[in-house]
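Working notes for the structure below.
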Amino acid sequence: MANLIRMDLYRMVKAKSFLVCLLVTFGLALAGTPLSWLLARFAASFATQGVPFATQTNLSVILGDPFPMLGLMITLLSLCWFFHADVEHGYIKNIAGQVPMKGLAVLSRFIAAFVHNVAFAAAGILGNLIGALLVLRVVPDSQVADSLRLLVLRLLLAQSLSAVLLLAVTTFRSKALGMTLAVVFGLGLTPLIYMGINSGLSQLMGPGTDISTIMPDTVMYEMPLDTLKALAVAAGWGALFLVPAIRIFDRKDVK
């Protein structure tokens, strides 16, 4: 198992898509605050009355947001390319044949995905921090410790989304489905889908039914973010998709 994980990590960091997406994530995060600052200054120059704009930002805001400026979408798209690479290049059969249970190859990718997500979160936070320092004063505030809690919880929730992509891309071998899900999750389009599902479920479960309250992509941005709820959602949805991904992959022929 350890050899599988090392092999997946090596394959991941050597992929051009990983490096390109990581640089794009860093670049967008770097540009986000300066662009917002310039737009605020531009708007203030045309205002007839004084328009205040921020001159400082709290460090906790930066640390608690691991996926700024489309960061989540780019992270999930990069995961899709990583999950599909061995199938696309035709050596999945050789990899799966080296382990007693083919499903271990899926588990290995899931573990490697966490390292992948941490790398993208680090790129987003670092880019956001440097960009903020270029135009604002970054203040270490009293919420820094809590922002680290938010960071960990949001990484775990992102990991549960990785399990969804793993089932779609690796087990069902549908790169198109995985990329569609990555865009939908990353751009925050799921509330529209959840509204349709809620309207149907309300006929069975009564008015007020709202599945978005237990979905990882919406819980991720709840404020305040409850620790126990976030852990339960991350673990529940992660297991809901990871276990079938492993079992189905283990029982099907690898081509």
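Residue names in the structure tokens use chain letters A, B, ... in the order shown, residue numbers from 1 in each chain, and ligand numbers from 1 in the order shown.
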Excluding Thr209 (chain A) and its own-chain neighbours fewer than 6 positions away, which residues fall within 9 Å of it when counting only C-alpha atoms? Please give them as a PDB file with C-alpha atoms, in the first residue's frame.
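This went into around-v8.pdb:
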ATOM      1  CA  ASN A 198     -35.819  20.019  -2.205  1.00  0.00           C
ATOM      2  CA  SER A 199     -39.044  20.766  -4.067  1.00  0.00           C
ATOM      3  CA  LEU A 201     -38.487  15.873  -1.361  1.00  0.00           C
ATOM      4  CA  SER A 202     -40.827  18.355   0.270  1.00  0.00           C
TER       5      SER A 202
END
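Using only C-alpha atoms, the smallest distance between any of A:Ala239, A:Ala15, A:Leu59, A:Leu38 and Leu126 (chain A) comes from A:Leu59.
Close contacts of Trp37 (chain A), defined as residues with an atom at most 12 Å away when counting only C-alpha atoms, with chain neighbours fewer than 5 positions off set aside, comprise Ala31, Gly32, Phe42, Ala43, Ala44, Pro52, Phe53, Ala54, Thr55, Gln56, Thr57, Gly131, Ala132, Leu133, Leu134, Val135 and Leu136 of chain A.
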Using C-alpha atoms, can you export the residues from the last selection as a CSV table (one decimal), in the first residue's frame?
chain,number,residue,atom,x,y,z
A,31,ALA,CA,-4.1,38.9,-8.1
A,32,GLY,CA,-7.4,38.8,-6.2
A,42,PHE,CA,-11.2,53.5,-9.2
A,43,ALA,CA,-14.7,53.7,-7.9
A,44,ALA,CA,-13.7,56.1,-5.2
A,52,PRO,CA,-14.2,54.3,2.2
A,53,PHE,CA,-12.2,51.3,1.1
A,54,ALA,CA,-10.2,48.8,3.1
A,55,THR,CA,-6.6,49.7,4.1
A,56,GLN,CA,-6.1,46.5,6.1
A,57,THR,CA,-7.3,42.9,6.4
A,131,GLY,CA,-1.3,39.8,-2.8
A,132,ALA,CA,-2.8,41.3,0.3
A,133,LEU,CA,0.6,42.4,1.6
A,134,LEU,CA,1.2,44.3,-1.7
A,135,VAL,CA,-1.7,46.7,-1.1
A,136,LEU,CA,-3.0,46.3,2.4
Can you list every residue of region 149-207 of chain A that has an atom at most 8 Å from region 69-75 of chain A, with its nearest atom pair and the distance in Å to one decimal, using only C-alpha atoms, ordered by chain then number, as JSON lines?
{"residue": "A:Ala182", "atom": "CA", "partner": "A:Met73", "partner_atom": "CA", "distance": 5.8}
{"residue": "A:Val183", "atom": "CA", "partner": "A:Met73", "partner_atom": "CA", "distance": 5.6}
{"residue": "A:Phe185", "atom": "CA", "partner": "A:Met73", "partner_atom": "CA", "distance": 6.9}
{"residue": "A:Gly186", "atom": "CA", "partner": "A:Met73", "partner_atom": "CA", "distance": 3.7}
{"residue": "A:Leu187", "atom": "CA", "partner": "A:Met73", "partner_atom": "CA", "distance": 6.4}
